[in-house]
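The file run-v3.tsv contains TSV, C-alpha atoms and all ligand atoms:
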chain	number	residue	atom	x	y	z
M	1	MET	CA	49.50	-36.88	48.53
M	2	SER	CA	51.48	-39.11	46.21
M	3	LEU	CA	51.10	-42.76	45.27
M	4	SER	CA	54.46	-42.83	43.51
M	5	THR	CA	56.84	-45.68	44.20
M	6	LYS	CA	60.00	-47.35	42.98
M	7	TYR	CA	60.14	-50.88	41.59
M	8	LEU	CA	63.35	-52.47	40.27
M	9	GLY	CA	64.83	-48.99	40.30
M	10	LEU	CA	62.08	-47.71	37.97
M	11	ASP	CA	60.08	-44.66	39.02
M	12	LEU	CA	56.38	-45.48	38.94
M	13	LYS	CA	53.45	-43.13	39.39
M	14	SER	CA	51.62	-45.70	41.53
M	15	PRO	CA	52.09	-49.28	42.78
M	16	LEU	CA	49.51	-50.74	40.38
M	17	ILE	CA	50.95	-53.09	37.74
M	18	ALA	CA	49.09	-55.26	35.23
M	19	SER	CA	50.80	-58.64	35.48
M	20	SER	CA	51.54	-61.04	32.67
M	21	SER	CA	48.41	-62.17	30.86
M	22	PRO	CA	47.19	-62.99	27.34
M	23	GLN	CA	45.44	-59.64	26.96
M	24	ASN	CA	48.74	-57.85	27.43
M	25	SER	CA	49.83	-58.93	23.98
M	26	LYS	CA	47.43	-56.41	22.40
M	27	ILE	CA	48.62	-52.84	22.06
M	28	SER	CA	45.05	-51.47	22.28
M	29	TYR	CA	44.56	-53.29	25.60
M	30	LEU	CA	47.92	-52.08	26.93
M	31	ARG	CA	46.89	-48.54	26.10
M	32	GLN	CA	43.61	-49.00	27.96
M	33	LEU	CA	45.59	-50.22	30.97
M	34	GLU	CA	47.80	-47.15	30.87
M	35	ASP	CA	44.80	-44.82	30.52
M	36	ALA	CA	43.11	-46.49	33.49
M	37	GLY	CA	46.16	-45.94	35.70
M	38	ALA	CA	48.54	-48.89	35.27
M	39	ALA	CA	51.97	-47.72	36.37
M	40	ALA	CA	53.71	-50.50	34.40
M	41	VAL	CA	52.74	-53.58	32.43
M	42	VAL	CA	54.20	-57.07	32.23
M	43	LEU	CA	53.90	-58.70	28.82
M	44	PRO	CA	52.81	-62.35	28.50
M	45	SER	CA	55.74	-64.74	28.77
M	46	LEU	CA	57.90	-65.83	25.91
M	47	PHE	CA	58.38	-69.52	26.68
M	48	GLN	CA	61.54	-71.56	26.28
M	49	GLU	CA	59.44	-74.05	24.28
M	50	GLN	CA	58.45	-71.34	21.77
M	51	ILE	CA	62.04	-70.34	21.24
M	52	GLU	CA	63.26	-73.91	20.89
M	53	SER	CA	60.51	-74.94	18.51
M	54	ARG	CA	61.32	-71.97	16.32
M	55	ASP	CA	64.99	-73.00	16.27
M	56	GLU	CA	63.92	-76.55	15.38
M	57	GLU	CA	61.65	-75.30	12.62
M	58	LEU	CA	64.49	-73.27	11.16
M	59	SER	CA	67.00	-76.11	11.29
M	60	SER	CA	64.52	-78.69	10.01
M	61	ALA	CA	63.63	-76.39	7.10
M	62	SER	CA	67.29	-76.03	6.18
M	63	ALA	CA	67.88	-79.80	6.58
M	64	LYS	CA	64.96	-80.50	4.24
M	65	GLU	CA	66.39	-78.10	1.74
M	66	SER	CA	69.82	-79.71	1.81
M	67	ASP	CA	69.01	-83.45	1.69
M	68	ASN	CA	65.26	-83.73	1.43
M	69	ASN	CA	65.29	-85.42	4.84
M	70	THR	CA	61.93	-87.06	5.63
M	71	ALA	CA	62.67	-88.15	9.24
M	72	THR	CA	59.99	-87.04	11.70
M	73	SER	CA	60.80	-84.88	14.69
M	74	ASN	CA	58.93	-84.70	18.01
M	75	TYR	CA	59.15	-80.94	18.46
M	76	PHE	CA	56.00	-78.89	19.02
M	77	PRO	CA	55.25	-76.60	16.08
M	78	ALA	CA	55.53	-73.01	17.35
M	79	SER	CA	51.95	-72.31	16.36
M	80	GLU	CA	50.72	-74.99	18.77
M	81	ILE	CA	52.40	-73.72	21.88
M	82	ALA	CA	52.68	-70.01	21.22
M	83	PRO	CA	50.26	-69.04	23.99
M	84	TYR	CA	48.75	-66.05	22.34
M	85	GLY	CA	49.70	-66.66	18.74
M	86	LEU	CA	53.09	-65.01	19.05
M	87	GLY	CA	56.34	-66.47	17.81
M	88	SER	CA	59.66	-65.29	19.20
M	89	ASP	CA	60.21	-62.65	16.50
M	90	GLU	CA	56.67	-61.34	16.97
M	91	TYR	CA	57.33	-61.19	20.69
M	92	LEU	CA	60.33	-58.93	20.14
M	93	ASN	CA	58.14	-56.81	17.91
M	94	LEU	CA	55.52	-56.63	20.66
M	95	ILE	CA	58.15	-55.21	23.01
M	96	ARG	CA	59.10	-52.58	20.42
M	97	LEU	CA	55.47	-51.63	19.74
M	98	ALA	CA	54.60	-51.50	23.43
M	99	LYS	CA	57.54	-49.19	24.06
M	100	GLU	CA	56.53	-46.94	21.17
M	101	ASN	CA	52.90	-46.74	22.24
M	102	LEU	CA	53.17	-46.44	26.02
M	103	SER	CA	54.86	-44.00	28.32
M	104	ILE	CA	54.93	-46.41	31.28
M	105	PRO	CA	57.62	-49.10	31.77
M	106	VAL	CA	57.18	-52.31	29.81
M	107	ILE	CA	58.41	-55.45	31.55
M	108	ALA	CA	59.04	-58.45	29.29
M	109	SER	CA	58.64	-61.95	30.70
M	110	LEU	CA	61.06	-64.76	29.91
M	111	ASN	CA	59.86	-68.20	30.94
M	112	GLY	CA	61.99	-71.34	30.98
M	113	ALA	CA	63.36	-74.02	33.28
M	114	THR	CA	66.50	-75.57	31.85
M	115	GLU	CA	69.82	-74.01	30.92
M	116	SER	CA	70.04	-73.60	27.16
M	117	ASP	CA	69.95	-71.02	24.35
M	118	TRP	CA	66.55	-69.53	25.22
M	119	VAL	CA	68.32	-67.55	27.93
M	120	ASN	CA	69.95	-65.46	25.15
M	121	TYR	CA	66.56	-63.84	24.56
M	122	ALA	CA	67.21	-61.70	27.62
M	123	ARG	CA	69.66	-59.66	25.55
M	124	LEU	CA	67.20	-59.45	22.65
M	125	PHE	CA	64.51	-58.22	25.07
M	126	GLN	CA	66.82	-55.44	26.16
M	127	GLU	CA	67.71	-54.54	22.58
M	128	ALA	CA	64.00	-54.41	21.70
M	129	GLY	CA	63.51	-51.81	24.45
M	130	ALA	CA	62.18	-53.71	27.49
M	131	SER	CA	62.42	-51.64	30.68
M	132	ALA	CA	63.05	-54.78	32.75
M	133	ILE	CA	62.85	-58.56	32.55
M	134	GLU	CA	60.70	-60.80	34.69
M	135	LEU	CA	62.24	-64.26	34.82
M	136	ASN	CA	59.79	-67.09	35.38
M	137	ASN	CA	61.32	-70.54	36.07
M	138	TYR	CA	58.04	-72.41	36.28
M	139	TYR	CA	58.92	-75.96	37.28
M	140	VAL	CA	57.36	-78.64	39.45
M	141	PRO	CA	60.17	-80.84	40.84
M	142	TYR	CA	58.88	-84.26	39.83
M	143	ASP	CA	62.42	-85.68	39.64
M	144	PHE	CA	62.96	-86.90	43.19
M	145	SER	CA	66.67	-87.48	42.66
M	146	MET	CA	67.18	-83.70	42.73
M	147	SER	CA	67.61	-82.19	46.17
M	148	GLY	CA	66.16	-78.80	47.09
M	149	ARG	CA	69.69	-77.43	46.90
M	150	ASP	CA	70.17	-78.82	43.36
M	151	ILE	CA	67.00	-77.09	42.23
M	152	GLU	CA	67.96	-73.79	43.81
M	153	GLN	CA	71.45	-73.90	42.28
M	154	HIS	CA	69.96	-74.65	38.91
M	155	PHE	CA	67.70	-71.57	38.95
M	156	ILE	CA	70.42	-69.39	40.48
M	157	SER	CA	72.62	-70.37	37.57
M	158	ILE	CA	69.92	-69.41	35.01
M	159	LEU	CA	69.47	-66.06	36.75
M	160	SER	CA	73.25	-65.47	36.65
M	161	ILE	CA	73.34	-66.01	32.88
M	162	VAL	CA	70.43	-63.62	32.33
M	163	ARG	CA	71.97	-61.07	34.69
M	164	GLN	CA	75.28	-61.11	32.84
M	165	ALA	CA	73.56	-60.70	29.47
M	166	VAL	CA	71.69	-57.47	30.30
M	167	THR	CA	72.03	-54.17	32.11
M	168	ILE	CA	68.29	-53.59	32.64
M	169	PRO	CA	66.73	-54.72	35.93
M	170	VAL	CA	65.79	-58.38	36.35
M	171	SER	CA	63.12	-59.71	38.69
M	172	VAL	CA	62.34	-63.33	39.51
M	173	LYS	CA	58.78	-64.64	39.70
M	174	LEU	CA	59.07	-67.12	42.55
M	175	LEU	CA	57.37	-70.40	43.22
M	176	PRO	CA	56.22	-70.73	46.82
M	177	PHE	CA	57.62	-74.23	47.27
M	178	MET	CA	61.21	-73.64	48.35
M	179	SER	CA	62.38	-75.02	51.66
M	180	SER	CA	63.99	-71.80	52.88
M	181	LEU	CA	62.62	-69.06	50.71
M	182	GLY	CA	64.41	-66.22	52.53
M	183	HIS	CA	67.80	-67.87	52.04
M	184	TYR	CA	67.06	-68.57	48.38
M	185	VAL	CA	65.99	-64.96	47.82
M	186	ASN	CA	69.22	-63.70	49.41
M	187	GLU	CA	71.26	-65.91	47.10
M	188	LEU	CA	69.37	-64.72	44.02
M	189	LYS	CA	69.92	-61.15	45.19
M	190	CYS	CA	73.67	-61.82	45.48
M	191	LYS	CA	73.67	-63.08	41.88
M	192	GLY	CA	72.03	-59.86	40.70
M	193	ALA	CA	68.24	-60.21	41.02
M	194	ASP	CA	66.75	-56.75	41.51
M	195	GLY	CA	63.37	-57.90	42.76
M	196	PHE	CA	60.94	-60.72	43.35
M	197	VAL	CA	57.35	-61.40	42.40
M	198	LEU	CA	55.42	-63.46	44.95
M	199	PHE	CA	54.09	-65.82	43.74
M	200	ASN	CA	53.87	-67.77	40.53
M	201	ARG	CA	50.69	-69.87	40.50
M	202	VAL	CA	51.22	-73.60	40.00
M	203	LEU	CA	49.09	-75.63	37.62
M	204	GLN	CA	47.00	-77.82	39.93
M	205	PRO	CA	44.80	-80.02	37.78
M	206	ASP	CA	41.52	-81.40	38.99
M	207	ILE	CA	40.19	-84.83	38.02
M	208	ASP	CA	37.14	-85.28	35.83
M	209	LEU	CA	35.47	-88.32	37.44
M	210	LEU	CA	33.32	-89.02	34.39
M	211	THR	CA	36.14	-89.33	31.90
M	212	LEU	CA	38.96	-90.08	34.37
M	213	ARG	CA	41.01	-87.40	32.71
M	214	LEU	CA	42.91	-84.49	34.15
M	215	ASP	CA	41.05	-81.23	34.05
M	216	ASN	CA	43.74	-78.64	33.31
M	217	ARG	CA	41.45	-75.65	32.99
M	218	LEU	CA	43.02	-72.44	34.29
M	219	LEU	CA	40.85	-70.90	36.99
M	220	LEU	CA	41.20	-67.25	37.86
M	221	SER	CA	42.59	-66.69	41.33
M	222	SER	CA	40.59	-66.39	44.51
M	223	LYS	CA	41.09	-63.95	47.37
M	224	GLN	CA	42.16	-66.78	49.71
M	225	GLU	CA	45.32	-67.23	47.63
M	226	MET	CA	46.62	-63.89	48.90
M	227	SER	CA	47.59	-65.19	52.31
M	228	LEU	CA	50.69	-67.10	51.19
M	229	SER	CA	52.05	-64.07	49.32
M	230	MET	CA	51.20	-61.78	52.27
M	231	LEU	CA	53.04	-64.04	54.71
M	232	TRP	CA	56.22	-64.16	52.65
M	233	ILE	CA	56.28	-60.54	51.61
M	234	SER	CA	55.86	-59.65	55.22
M	235	LEU	CA	58.86	-61.77	56.24
M	236	LEU	CA	61.09	-60.75	53.32
M	237	ALA	CA	60.30	-57.07	53.83
M	238	GLN	CA	61.88	-57.36	57.28
M	239	ASN	CA	65.28	-58.18	55.82
M	240	GLN	CA	67.47	-55.50	57.40
M	241	LYS	CA	69.75	-55.23	54.40
M	242	ARG	CA	66.94	-55.42	51.85
M	243	GLN	CA	68.15	-54.06	48.57
M	244	PHE	CA	65.54	-55.66	46.38
M	245	SER	CA	62.00	-54.85	45.31
M	246	LEU	CA	58.99	-56.90	46.25
M	247	ALA	CA	55.98	-57.28	43.97
M	248	ALA	CA	52.83	-58.80	45.41
M	249	SER	CA	51.00	-61.00	42.98
M	250	THR	CA	47.91	-63.20	43.33
M	251	GLY	CA	44.42	-62.80	44.65
M	252	VAL	CA	43.72	-59.06	44.38
M	253	ARG	CA	40.01	-58.43	43.95
M	254	GLU	CA	39.43	-55.03	45.56
M	255	VAL	CA	41.24	-52.02	46.92
M	256	ASP	CA	41.49	-53.44	50.45
M	257	ASP	CA	43.67	-56.24	49.07
M	258	ILE	CA	46.09	-53.72	47.57
M	259	ILE	CA	46.30	-51.86	50.87
M	260	LYS	CA	47.00	-55.10	52.75
M	261	TYR	CA	49.83	-55.99	50.37
M	262	LEU	CA	51.37	-52.52	50.85
M	263	LEU	CA	51.02	-52.80	54.62
M	264	VAL	CA	53.02	-56.04	54.64
M	265	GLY	CA	55.79	-54.37	52.62
M	266	ALA	CA	55.12	-54.77	48.89
M	267	ASP	CA	56.59	-52.05	46.67
M	268	VAL	CA	54.05	-52.77	43.96
M	269	VAL	CA	50.92	-54.86	43.55
M	270	MET	CA	50.35	-56.87	40.39
M	271	MET	CA	47.06	-58.16	39.09
M	272	THR	CA	45.63	-60.23	36.28
M	273	SER	CA	42.42	-62.04	37.30
M	274	VAL	CA	40.62	-58.93	38.53
M	275	LEU	CA	41.33	-57.18	35.21
M	276	LEU	CA	40.20	-60.18	33.19
M	277	ARG	CA	36.99	-60.26	35.24
M	278	HIS	CA	36.14	-56.55	35.19
M	279	GLY	CA	38.14	-55.11	32.29
M	280	PRO	CA	41.15	-52.77	32.28
M	281	GLU	CA	39.07	-49.73	33.30
M	282	TYR	CA	38.62	-51.33	36.74
M	283	LEU	CA	42.17	-50.18	37.47
M	284	LYS	CA	40.80	-46.66	37.81
M	285	VAL	CA	38.39	-47.79	40.53
M	286	LEU	CA	41.29	-49.44	42.37
M	287	HIS	CA	43.54	-46.41	41.90
M	288	ASP	CA	40.91	-43.96	43.19
M	289	GLY	CA	40.05	-46.24	46.09
M	290	LEU	CA	43.70	-46.45	47.09
M	291	GLU	CA	44.16	-42.70	46.86
M	292	LYS	CA	41.07	-42.15	49.01
M	293	TRP	CA	42.19	-44.59	51.71
M	294	VAL	CA	45.73	-43.23	51.89
M	295	SER	CA	44.63	-39.62	52.23
M	296	SER	CA	41.79	-40.43	54.65
M	297	ARG	CA	44.42	-41.94	56.96
M	298	GLY	CA	46.52	-38.80	56.75
M	299	TYR	CA	49.50	-40.34	54.95
M	300	SER	CA	51.30	-38.14	52.45
M	301	ASN	CA	53.06	-40.96	50.59
M	302	LEU	CA	53.23	-44.75	50.46
M	303	SER	CA	56.51	-45.08	52.32
M	304	GLU	CA	54.69	-43.91	55.48
M	305	LEU	CA	52.47	-46.97	55.45
M	306	ARG	CA	54.52	-49.54	53.56
M	307	GLY	CA	55.49	-52.48	55.74
M	308	LEU	CA	53.70	-51.24	58.88
M	309	MET	CA	52.18	-54.69	59.44
M	310	SER	CA	55.33	-56.50	58.45
M	311	LYS	CA	57.05	-55.74	61.77
M	312	ILE	CA	54.05	-57.01	63.72
M	313	TRP	CA	53.91	-60.15	61.60
M	314	MET	CA	57.62	-60.89	62.06
M	315	ALA	CA	57.34	-60.23	65.80
M	316	GLN	CA	54.57	-62.83	65.95
M	317	GLU	CA	56.73	-65.40	64.11
M	318	GLN	CA	59.82	-64.69	66.22
M	319	GLY	CA	58.01	-64.35	69.52
M	320	GLY	CA	56.18	-67.65	69.23
M	321	GLY	CA	54.84	-68.42	65.79
M	322	ARG	CA	54.02	-71.93	66.96
M	323	LYS	CA	52.17	-70.58	69.98
M	324	SER	CA	49.97	-68.43	67.74
M	325	TYR	CA	49.38	-71.42	65.51
M	326	ILE	CA	48.25	-73.65	68.38
M	327	LYS	CA	46.12	-70.81	69.77
M	328	MET	CA	44.45	-70.46	66.39
M	329	LEU	CA	43.67	-74.19	66.27
M	330	ASN	CA	42.28	-74.12	69.81
M	331	ALA	CA	40.14	-71.09	69.06
M	332	PHE	CA	38.51	-72.98	66.25
M	333	GLN	CA	37.82	-76.05	68.43
M	334	ASN	CA	36.26	-73.84	71.10
M	335	ALA	CA	34.07	-72.10	68.55
M	336	ALA	CA	33.00	-75.44	67.11
M	337	VAL	CA	31.59	-76.87	70.43
M	401	LIG	C1	45.02	-66.47	31.43
M	401	LIG	C2	46.29	-66.23	32.17
M	401	LIG	C3	47.50	-66.23	31.50
M	401	LIG	C4	48.69	-66.03	32.19
M	401	LIG	N1	49.87	-66.01	31.51
M	401	LIG	C5	51.04	-65.82	32.19
M	401	LIG	C6	52.28	-65.78	31.52
M	401	LIG	O1	52.36	-65.89	30.29
M	401	LIG	N2	53.40	-65.61	32.26
M	401	LIG	C7	53.38	-65.45	33.62
M	401	LIG	O2	54.43	-65.27	34.25
M	401	LIG	N3	52.20	-65.45	34.28
M	401	LIG	C8	51.04	-65.64	33.60
M	401	LIG	N4	49.87	-65.64	34.28
M	401	LIG	C9	49.87	-65.48	35.75
M	401	LIG	C10	49.57	-64.02	36.14
M	401	LIG	O3	50.56	-63.16	35.66
M	401	LIG	C11	49.48	-63.88	37.66
M	401	LIG	O4	50.73	-64.14	38.23
M	401	LIG	C12	48.46	-64.81	38.28
M	401	LIG	O5	47.25	-64.84	37.54
M	401	LIG	C13	48.13	-64.36	39.71
M	401	LIG	O6	47.63	-63.05	39.74
M	401	LIG	P1	46.07	-62.74	39.87
M	401	LIG	O7	45.61	-63.36	41.13
M	401	LIG	O8	45.97	-61.25	39.92
M	401	LIG	O9	45.41	-63.32	38.68
M	401	LIG	C14	48.66	-65.83	33.59
M	401	LIG	C15	47.43	-65.82	34.25
M	401	LIG	C16	46.26	-66.00	33.57
M	401	LIG	C17	44.96	-65.95	34.33
Target format structure tokens, applied to this file:
Amino acid sequence: MSLSTKYLGLDLKSPLIASSSPQNSKISYLRQLEDAGAAAVVLPSLFQEQIESRDEELSSASAKESDNNTATSNYFPASEIAPYGLGSDEYLNLIRLAKENLSIPVIASLNGATESDWVNYARLFQEAGASAIELNNYYVPYDFSMSGRDIEQHFISILSIVRQAVTIPVSVKLLPFMSSLGHYVNELKCKGADGFVLFNRVLQPDIDLLTLRLDNRLLLSSKQEMSLSMLWISLLAQNQKRQFSLAASTGVREVDDIIKYLLVGADVVMMTSVLLRHGPEYLKVLHDGLEKWVSSRGYSNLSELRGLMSKIWMAQEQGGGRKSYIKMLNAFQNAAV
């Protein structure tokens, strides 16, 4: 029995991937992940803001040198926003070191939202040895003058630039809030995206009622967050002409969650919170649990089970998604009385 799979054209020994997280900037931690069974790792993101602040630092240093300019600038010093203490050069070095120290694929993550020079880092990622690039266009559309179409075109254009700059595979980490996600995914595919990660989590601050301030603390994910990713992977996996990979991300806590994601059609399953909670060695528990379940069901490889539930899910949507929805609401009312 084999757990091997393909993701973005890369051959992986299993579908288990450690997604982007602060710990993944340490080589010792990456090694632990590999030893525990990670089939690939995604490095923490290099953010557009890090790249731009570095460029500003360089140009302001040279301006100071030339005319002793004392004007203040409103850029963020790189040290303040580098999420895990890494500047852009150190990030490239991290890619090199990760490649040298690991035998599994290393996916580098490029994170930005507007079209400018940061996109050129895609080429530098490839030169540093990244096996693939995960593009993260984190953005909450607060500008109401932009239509949904404008926003899609904007991100499609960023993807096109990255695609043209590299020959390695490129995946897109998607936000769930697009009006027609399937159509958007098809367009990104046409512009060269090799795969999609569902989903990016959106910062959703709480309010501290004592101080009347926003509480921006990052909470680890909960199992309930899986359902949105499951729904969309299930629908996208039904695409007859699918020539892209699907990575499930968000909410995995135990082996059953991984199985569910595979059953709706995911090629790989990514996780961060569960590894931060239990440590990298927990991957072994998940790996062994998956192996046990697959063989106990008599499957000899993952393609025999992948997407089995996706067809049923799509049939429900096509054959009366609204009916099922109303039925579900009624069932709750009946149970409540
Ligand atoms: C502390 C922390 C840091 C993260 N940093 C990044 C990042 O740099 N880039 C990125 O694309 N995702 C980042 N993520 C999101 C994760 O990669 C993942 O998509 C998200 O946590 C959902 O997966 P999970 O439910 O398994 O945690 C981060 C998550 C956490 C908890």
Each residue of chain M with at least one atom at most 8 Å from ligand LIG 401 (chain M) should appear once, together with its nearest atom pair and the corresponding distance in Å (one decimal); atoms considered: all atoms listed in the file; ordering: chain, then increasing residue number; output as a Markdown table.
| residue | atom | partner | partner_atom | distance |
| --- | --- | --- | --- | --- |
| M:Ser19 | CA | M:LIG401 | O3 | 4.5 |
| M:Ser20 | CA | M:LIG401 | O3 | 3.8 |
| M:Ser21 | CA | M:LIG401 | C4 | 4.1 |
| M:Pro22 | CA | M:LIG401 | C3 | 5.3 |
| M:Val42 | CA | M:LIG401 | O3 | 7.9 |
| M:Leu43 | CA | M:LIG401 | O1 | 7.5 |
| M:Pro44 | CA | M:LIG401 | O1 | 4.0 |
| M:Ser45 | CA | M:LIG401 | O1 | 3.9 |
| M:Leu46 | CA | M:LIG401 | O1 | 7.1 |
| M:Phe47 | CA | M:LIG401 | O1 | 7.9 |
| M:Pro83 | CA | M:LIG401 | O1 | 7.4 |
| M:Ser109 | CA | M:LIG401 | O2 | 6.4 |
| M:Leu110 | CA | M:LIG401 | O2 | 7.9 |
| M:Asn111 | CA | M:LIG401 | O2 | 7.0 |
| M:Glu134 | CA | M:LIG401 | O2 | 7.7 |
| M:Leu135 | CA | M:LIG401 | O2 | 7.9 |
| M:Asn136 | CA | M:LIG401 | O2 | 5.8 |
| M:Lys173 | CA | M:LIG401 | O2 | 7.0 |
| M:Phe199 | CA | M:LIG401 | O4 | 6.7 |
| M:Asn200 | CA | M:LIG401 | O4 | 5.3 |
| M:Arg201 | CA | M:LIG401 | C12 | 6.0 |
| M:Leu218 | CA | M:LIG401 | C17 | 6.8 |
| M:Leu219 | CA | M:LIG401 | C17 | 7.0 |
| M:Leu220 | CA | M:LIG401 | C17 | 5.3 |
| M:Ser221 | CA | M:LIG401 | O7 | 4.5 |
| M:Ser222 | CA | M:LIG401 | O7 | 6.8 |
| M:Lys223 | CA | M:LIG401 | O7 | 7.7 |
| M:Glu225 | CA | M:LIG401 | O7 | 7.6 |
| M:Met226 | CA | M:LIG401 | O7 | 7.9 |
| M:Ser249 | CA | M:LIG401 | O6 | 5.1 |
| M:Thr250 | CA | M:LIG401 | O7 | 3.2 |
| M:Gly251 | CA | M:LIG401 | O7 | 3.8 |
| M:Val252 | CA | M:LIG401 | O8 | 5.5 |
| M:Arg253 | CA | M:LIG401 | O8 | 7.7 |
| M:Met270 | CA | M:LIG401 | O8 | 6.2 |
| M:Met271 | CA | M:LIG401 | O8 | 3.4 |
| M:Thr272 | CA | M:LIG401 | O8 | 3.8 |
| M:Ser273 | CA | M:LIG401 | O9 | 3.5 |
| M:Val274 | CA | M:LIG401 | O8 | 6.0 |
| M:Leu275 | CA | M:LIG401 | O8 | 7.8 |
| M:Leu276 | CA | M:LIG401 | C17 | 7.6 |
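Taking all atoms listed in the file, the non-local environment of Thr167 (chain M) within 12 Å (same-chain residues fewer than 5 positions away omitted) comprises Ala122, Arg123, Leu124, Phe125, Gln126, Glu127, Gly129, Ala130, Ser131, Ala132, Ile133, Ile161, Val162, Gly192, Ala193 and Asp194 of chain M.
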Between region 235-274 of chain M and region 308-312 of chain M, at 12 Å or less, what are the per-residue closest atom pairs and their distances in Å? Count all atoms listed in the file, order by chain and rising residue number, and return it as JSON lines.
{"residue": "M:Leu235", "atom": "CA", "partner": "M:Ser310", "partner_atom": "CA", "distance": 6.7}
{"residue": "M:Leu236", "atom": "CA", "partner": "M:Ser310", "partner_atom": "CA", "distance": 8.8}
{"residue": "M:Ala237", "atom": "CA", "partner": "M:Ser310", "partner_atom": "CA", "distance": 6.8}
{"residue": "M:Gln238", "atom": "CA", "partner": "M:Ser310", "partner_atom": "CA", "distance": 6.7}
{"residue": "M:Asn239", "atom": "CA", "partner": "M:Ser310", "partner_atom": "CA", "distance": 10.4}
{"residue": "M:Gln240", "atom": "CA", "partner": "M:Lys311", "partner_atom": "CA", "distance": 11.3}
{"residue": "M:Ile259", "atom": "CA", "partner": "M:Met309", "partner_atom": "CA", "distance": 10.8}
{"residue": "M:Lys260", "atom": "CA", "partner": "M:Met309", "partner_atom": "CA", "distance": 8.5}
{"residue": "M:Tyr261", "atom": "CA", "partner": "M:Met309", "partner_atom": "CA", "distance": 9.5}
{"residue": "M:Leu262", "atom": "CA", "partner": "M:Leu308", "partner_atom": "CA", "distance": 8.5}
{"residue": "M:Leu263", "atom": "CA", "partner": "M:Leu308", "partner_atom": "CA", "distance": 5.3}
{"residue": "M:Val264", "atom": "CA", "partner": "M:Ser310", "partner_atom": "CA", "distance": 4.5}
{"residue": "M:Gly265", "atom": "CA", "partner": "M:Ser310", "partner_atom": "CA", "distance": 6.2}
{"residue": "M:Ala266", "atom": "CA", "partner": "M:Ser310", "partner_atom": "CA", "distance": 9.7}
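When CA of Lys284 (chain M) is paired with CA of Gln32 (chain M), their separation reads 10.5 Å.
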Rounded to one decimal, what separation in Å do you get between CA of Glu187 (chain M) and CA of Ile156 (chain M)? 7.5 Å
In terms of the shortest atom-to-atom distance over all atoms listed in the file, which of M:Glu90, M:Asp256, M:Glu49, M:Glu317 is closest to Asp288 (chain M)? M:Asp256
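Atom to atom, CA of Ser245 (chain M) and CA of Gly279 (chain M) stand 27.2 Å apart.
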Taking 6 positions as the minimum chain separation for residues in the same chain, which residues sit within 6 Å of region 290-301 of chain M when counting only C-alpha atoms? Answer as a PyMOL selection string. chain M and resi 1-3
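Nearest residue to Ser160 (chain M) among M:Asp208, M:Asp143, M:Glu281, M:Glu115 is M:Glu115, counting all atoms listed in the file.
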